[in-house]
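A.B. asks: Structure file upload07.txt, compact mmCIF, C-alpha atoms, is pasted below:
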```txt
# COMPACT_ATOMS: atom_id res chain seq x y z
CA MET A 182 -103.36 27.34 45.48
CA SER A 183 -105.67 26.80 48.43
CA GLU A 184 -106.83 23.54 46.86
CA ALA A 185 -103.22 22.32 46.76
CA ILE A 186 -102.76 23.20 50.44
CA THR A 187 -105.99 21.43 51.34
CA THR A 188 -104.80 18.36 49.44
CA ALA A 189 -101.32 18.54 50.98
CA ARG A 190 -102.37 18.99 54.62
CA PRO A 191 -103.19 15.32 55.45
CA TYR A 192 -100.02 14.11 53.72
CA ALA A 193 -97.89 16.62 55.63
CA GLN A 194 -99.52 15.60 58.89
CA ALA A 195 -98.98 11.89 58.13
CA ALA A 196 -95.31 12.51 57.28
CA PHE A 197 -94.88 14.54 60.47
CA ASP A 198 -96.56 11.87 62.61
CA GLU A 199 -94.31 9.20 61.14
CA ALA A 200 -91.20 11.35 61.57
CA GLN A 201 -92.09 11.94 65.22
CA LYS A 202 -92.66 8.24 65.75
CA GLN A 203 -89.24 7.51 64.26
CA GLY A 204 -87.62 10.45 66.06
CA ASP A 205 -86.27 11.72 62.74
CA LEU A 206 -87.83 15.14 62.11
CA LYS A 207 -84.68 16.45 60.44
CA GLY A 208 -84.26 13.42 58.14
CA TRP A 209 -87.82 13.65 56.91
CA SER A 210 -87.40 17.38 56.45
CA GLU A 211 -84.39 16.85 54.20
CA VAL A 212 -86.19 14.24 52.09
CA LEU A 213 -89.35 16.33 51.73
CA LEU A 214 -87.40 19.46 50.81
CA ALA A 215 -85.39 17.52 48.20
CA ALA A 216 -88.61 16.00 46.83
CA ALA A 217 -90.31 19.40 46.75
CA GLU A 218 -87.36 20.92 44.90
CA ALA A 219 -87.43 18.05 42.40
CA ALA A 220 -91.21 18.34 41.89
CA ALA A 221 -90.88 22.09 41.30
CA ASN A 222 -88.36 21.49 38.48
CA PRO A 223 -90.20 22.23 35.18
CA GLU A 224 -89.01 19.03 33.48
CA VAL A 225 -89.99 16.84 36.44
CA ALA A 226 -93.30 18.68 36.75
CA MET A 227 -94.03 17.81 33.10
CA LEU A 228 -93.26 14.15 33.81
CA ILE A 229 -95.45 14.14 36.93
CA SER A 230 -98.40 15.63 35.09
CA SER A 231 -97.95 13.54 31.93
CA PRO A 232 -100.73 10.99 31.40
CA ARG A 233 -98.23 8.82 29.48
CA ALA A 234 -95.92 8.38 32.47
CA THR A 235 -96.88 5.52 34.73
CA GLY A 236 -96.89 5.89 38.50
CA LYS A 237 -93.98 3.46 38.66
CA GLN A 238 -91.84 5.51 36.26
CA VAL A 239 -92.52 8.73 38.12
CA GLU A 240 -91.85 6.99 41.43
CA GLU A 241 -88.46 5.75 40.23
CA VAL A 242 -87.45 9.22 39.01
CA MET A 243 -88.52 10.82 42.29
CA ARG A 244 -86.76 8.14 44.34
CA ALA A 245 -83.53 8.79 42.43
CA LEU A 246 -83.84 12.58 42.79
CA CYS A 247 -84.66 12.44 46.52
CA GLY A 248 -82.02 9.88 47.44
CA VAL A 249 -84.34 7.78 49.62
CA LYS A 250 -83.43 4.24 50.56
CA PRO A 251 -85.61 1.59 48.89
CA GLY A 252 -88.02 0.03 51.37
CA SER A 253 -87.76 2.90 53.86
CA THR A 254 -90.82 4.68 55.20
CA GLN A 255 -89.84 7.76 53.21
CA ASP A 256 -89.66 5.63 50.07
CA ASN A 257 -93.14 4.28 50.82
CA PHE A 258 -94.37 7.85 51.27
CA ILE A 259 -93.02 8.87 47.84
CA ARG A 260 -94.57 5.71 46.33
CA LEU A 261 -97.94 6.55 47.91
CA LEU A 262 -97.81 10.09 46.53
CA ALA A 263 -96.92 8.76 43.07
CA GLU A 264 -99.72 6.18 43.12
CA ASN A 265 -102.26 8.81 44.15
CA ARG A 266 -100.92 11.37 41.65
CA ARG A 267 -100.09 13.81 44.46
CA LEU A 268 -96.42 14.48 43.67
CA SER A 269 -97.35 17.89 42.27
CA VAL A 270 -98.29 19.08 45.78
CA LEU A 271 -94.90 18.15 47.26
CA PRO A 272 -93.85 21.82 47.66
CA GLU A 273 -96.98 22.45 49.77
CA ILE A 274 -96.46 19.22 51.72
CA ALA A 275 -92.87 20.22 52.52
CA ALA A 276 -93.91 23.74 53.57
CA LEU A 277 -96.68 22.45 55.86
CA TYR A 278 -94.32 19.84 57.30
CA GLU A 279 -91.77 22.56 58.12
CA VAL A 280 -94.47 24.52 59.98
CA LEU A 281 -95.35 21.42 62.03
CA ARG A 282 -91.67 20.72 62.68
CA ALA A 283 -90.97 24.28 63.82
CA GLU A 284 -93.97 24.14 66.15
CA ALA A 285 -92.80 20.84 67.64
CA GLU A 286 -89.23 22.08 68.06
CA LYS A 287 -90.41 25.44 69.42
CA ALA A 288 -88.41 27.14 66.69
CA LEU A 289 -89.20 30.07 64.45
CA GLU A 290 -87.39 31.56 61.48
CA VAL A 291 -87.57 35.33 61.60
CA THR A 292 -86.76 37.63 58.69
CA VAL A 293 -85.20 40.95 59.64
CA SER A 294 -85.01 43.61 56.94
CA SER A 295 -82.80 46.59 57.60
CA ALA A 296 -81.43 49.50 55.61
CA PHE A 297 -77.88 48.56 56.58
CA ASP A 298 -76.00 45.41 57.49
CA LEU A 299 -76.54 44.41 61.15
CA ASP A 300 -73.50 43.59 63.27
CA ASP A 301 -73.33 40.52 65.54
CA ALA A 302 -74.26 42.46 68.68
CA GLN A 303 -77.42 43.84 67.03
CA LYS A 304 -78.39 40.40 65.75
CA ARG A 305 -77.85 38.89 69.20
CA LYS A 306 -79.95 41.64 70.83
CA ILE A 307 -82.81 41.08 68.36
CA THR A 308 -82.60 37.30 68.80
CA ASP A 309 -82.63 37.57 72.61
CA ALA A 310 -85.60 39.95 72.60
CA LEU A 311 -87.62 37.78 70.21
CA THR A 312 -86.74 34.58 72.10
CA LYS A 313 -88.03 36.15 75.29
CA ARG A 314 -91.14 37.60 73.63
CA MET A 315 -92.14 34.50 71.65
CA SER A 316 -90.79 31.72 73.90
CA ARG A 317 -89.17 29.99 70.93
CA LYS A 318 -85.74 29.31 69.53
CA ILE A 319 -85.22 32.07 66.97
CA THR A 320 -83.25 31.77 63.74
CA LEU A 321 -82.57 35.10 62.06
CA LYS A 322 -82.53 35.61 58.34
CA CYS A 323 -81.20 39.09 57.63
CA LEU A 324 -81.95 41.05 54.47
CA ILE A 325 -80.84 44.50 53.37
CA ASP A 326 -83.56 46.82 52.02
CA ARG A 327 -82.16 50.29 51.25
CA GLN A 328 -85.69 51.67 50.79
CA LEU A 329 -86.28 51.46 54.55
CA VAL A 330 -83.98 54.48 55.03
CA GLY A 331 -83.29 53.33 58.60
CA GLY A 332 -84.66 51.06 61.33
CA ILE A 333 -85.78 47.45 60.85
CA VAL A 334 -88.80 45.38 59.85
CA ILE A 335 -89.22 42.03 61.58
CA ARG A 336 -91.39 39.27 60.07
CA ALA A 337 -92.05 36.33 62.38
CA GLY A 338 -94.67 33.99 60.97
CA ASP A 339 -97.78 36.11 60.46
CA GLN A 340 -96.54 38.91 62.75
CA VAL A 341 -94.82 42.03 61.42
CA ILE A 342 -93.02 44.53 63.61
CA ASP A 343 -92.27 47.61 61.52
CA GLY A 344 -89.76 49.98 63.05
CA SER A 345 -88.55 51.50 59.79
CA VAL A 346 -87.98 55.18 59.19
CA ARG A 347 -89.92 54.93 55.93
CA THR A 348 -93.07 53.80 57.79
CA ARG A 349 -92.63 56.56 60.39
CA LEU A 350 -92.38 59.16 57.61
CA VAL A 351 -95.55 57.83 55.96
CA GLU A 352 -97.36 57.95 59.32
CA MET A 353 -96.24 61.56 59.85
CA ALA A 354 -97.38 62.54 56.35
CA ASN A 355 -100.79 60.98 56.99
CA ALA A 356 -101.11 62.76 60.34
CA LEU A 357 -100.30 66.11 58.74
CA ALA A 358 -102.65 65.63 55.78
```
How would this structure read if it were set down as structure tokens?

C.D. replies:
Amino acid sequence: MSEAITTARPYAQAAFDEAQKQGDLKGWSEVLLAAAEAAANPEVAMLISSPRATGKQVEEVMRALCGVKPGSTQDNFIRLLAENRRLSVLPEIAALYEVLRAEAEKALEVTVSSAFDLDDAQKRKITDALTKRMSRKITLKCLIDRQLVGGIVIRAGDQVIDGSVRTRLVEMANALA
């Protein structure tokens, strides 16, 4: 896995640099996500890894699945990946690209797990607090996890803020033991 990320990093950076130059971060994001989804498909993955399939054949299939315009920079990027037999790392390229895009746009997707469904006022309060704390535009993704008993767990990038009742109970049990 780490080898795939190491291989994908320069491609993601090149795609991001080109997208910034063109002023089309969102367009590139859509193409890379479509390409990553296509490359993750088991049948396409078999074609990509097949020694019998030529780079040109794989390129044509990927171009059709991604919906890129022939001759565009995105088309050239897909062609380059096909020629270098790097289409299998497209999911990693897309993920790394999204990290670079979020950093450039000062945006962050935050996952909030709660025992119960959050109402709009609670979501707004969490979003406002995180926006202030992290100085970024926050997009909430809310999940329901009944095992939390109560409270919430916030995951923002590599940060975790655990305010769940379950964690508090475990902490109390450890303190009493």

A.B. asks: Separation of atom CA of A:Arg266 and atom CA of A:Gly236, in Å?

C.D. replies: 7.5 Å

A.B. asks: Which protein, DNA or RNA residues have an atom at most 12 Å from (-86.7, 6.3, 44.9), counting only C-alpha atoms? List them as a PyMOL selection string.

C.D. replies: chain A and resi 212+215-216+237-263

A.B. asks: For the residues in the current selection, export C-alpha atoms as a short mmCIF file (atom, residue, chain, number, x, y, z; two decimals), in the coordinates of the input.

C.D. replies:
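See out.cif below for the written result:
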```
data_model
loop_
_atom_site.label_atom_id
_atom_site.label_comp_id
_atom_site.auth_asym_id
_atom_site.auth_seq_id
_atom_site.Cartn_x
_atom_site.Cartn_y
_atom_site.Cartn_z
CA VAL A 212 -86.19 14.24 52.09
CA ALA A 215 -85.39 17.52 48.20
CA ALA A 216 -88.61 16.00 46.83
CA LYS A 237 -93.98 3.46 38.66
CA GLN A 238 -91.84 5.51 36.26
CA VAL A 239 -92.52 8.73 38.12
CA GLU A 240 -91.85 6.99 41.43
CA GLU A 241 -88.46 5.75 40.23
CA VAL A 242 -87.45 9.22 39.01
CA MET A 243 -88.52 10.82 42.29
CA ARG A 244 -86.76 8.14 44.34
CA ALA A 245 -83.53 8.79 42.43
CA LEU A 246 -83.84 12.58 42.79
CA CYS A 247 -84.66 12.44 46.52
CA GLY A 248 -82.02 9.88 47.44
CA VAL A 249 -84.34 7.78 49.62
CA LYS A 250 -83.43 4.24 50.56
CA PRO A 251 -85.61 1.59 48.89
CA GLY A 252 -88.02 0.03 51.37
CA SER A 253 -87.76 2.90 53.86
CA THR A 254 -90.82 4.68 55.20
CA GLN A 255 -89.84 7.76 53.21
CA ASP A 256 -89.66 5.63 50.07
CA ASN A 257 -93.14 4.28 50.82
CA PHE A 258 -94.37 7.85 51.27
CA ILE A 259 -93.02 8.87 47.84
CA ARG A 260 -94.57 5.71 46.33
CA LEU A 261 -97.94 6.55 47.91
CA LEU A 262 -97.81 10.09 46.53
CA ALA A 263 -96.92 8.76 43.07
#
```

A.B. asks: So which one's closest to A:Gln340, A:Glu218, A:Glu290, A:Glu279, A:Glu264? Using only C-alpha atoms, please.

C.D. replies: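 Comparing A:Glu218, A:Glu290, A:Glu279, A:Glu264 against A:Gln340, the winner is A:Glu290.
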
A.B. asks: Atom CA of A:Ile325 to atom CA of A:Thr348: how many Å, to one decimal?

C.D. replies: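 Going from atom CA of A:Ile325 over to atom CA of A:Thr348, I get 16.0 Å.
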
A.B. asks: So, counting only C-alpha atoms, which residue among A:Ile335, A:Leu228, A:Ile274, A:Ala285 is closest to A:Ala310?

C.D. replies: A:Ile335

A.B. asks: Counting all atoms listed in the file, what is within 8 Å of A:Val291, bar same-chain residues fewer than 2 positions away, as number ranges by chain?

C.D. replies: A: 289, 293, 319-322, 335-338

A.B. asks: Just the number, please: distance in Å from atom CA of A:Leu281 to atom CA of A:Asp339, one decimal.

C.D. replies: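 Straight-line distance from atom CA of A:Leu281 to atom CA of A:Asp339 works out to 15.0 Å.
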
A.B. asks: Measuring between all atoms listed in the file, which one of A:Ala219, A:Val341, A:Ala234, A:Cys323 shows the shortest distance to A:Val270?

C.D. replies: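 The shortest atom-to-atom distance to A:Val270 comes from A:Ala219.
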
A.B. asks: Please return the centre and edge lengths, in Å to one decimal, of a box with edges along x, y and z that contains all listed atoms of stretch 192-204 of chain A, widened by 6 Å on every side, as JSON.

C.D. replies:
```
{"center_x": -93.8, "center_y": 12.1, "center_z": 59.9, "size_x": 24.4, "size_y": 21.1, "size_z": 24.3}
```

A.B. asks: Show me, as a list in words, the residues that have an atom within 12 Å of A:Glu184 when counting only C-alpha atoms, minus same-chain residues fewer than 2 positions from it.

C.D. replies: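 Answer for this query is Met182, Ile186, Thr187, Thr188, Ala189, Arg190, Ser269, Val270 and Glu273 of chain A.
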
A.B. asks: Using only C-alpha atoms, pick whichever of A:Ala226, A:Ala296, A:Ala217, A:Ala354 has the shortest atom-to-atom distance to A:Leu277.

C.D. replies: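 Answer, going by the shortest atom-to-atom distance: A:Ala217.
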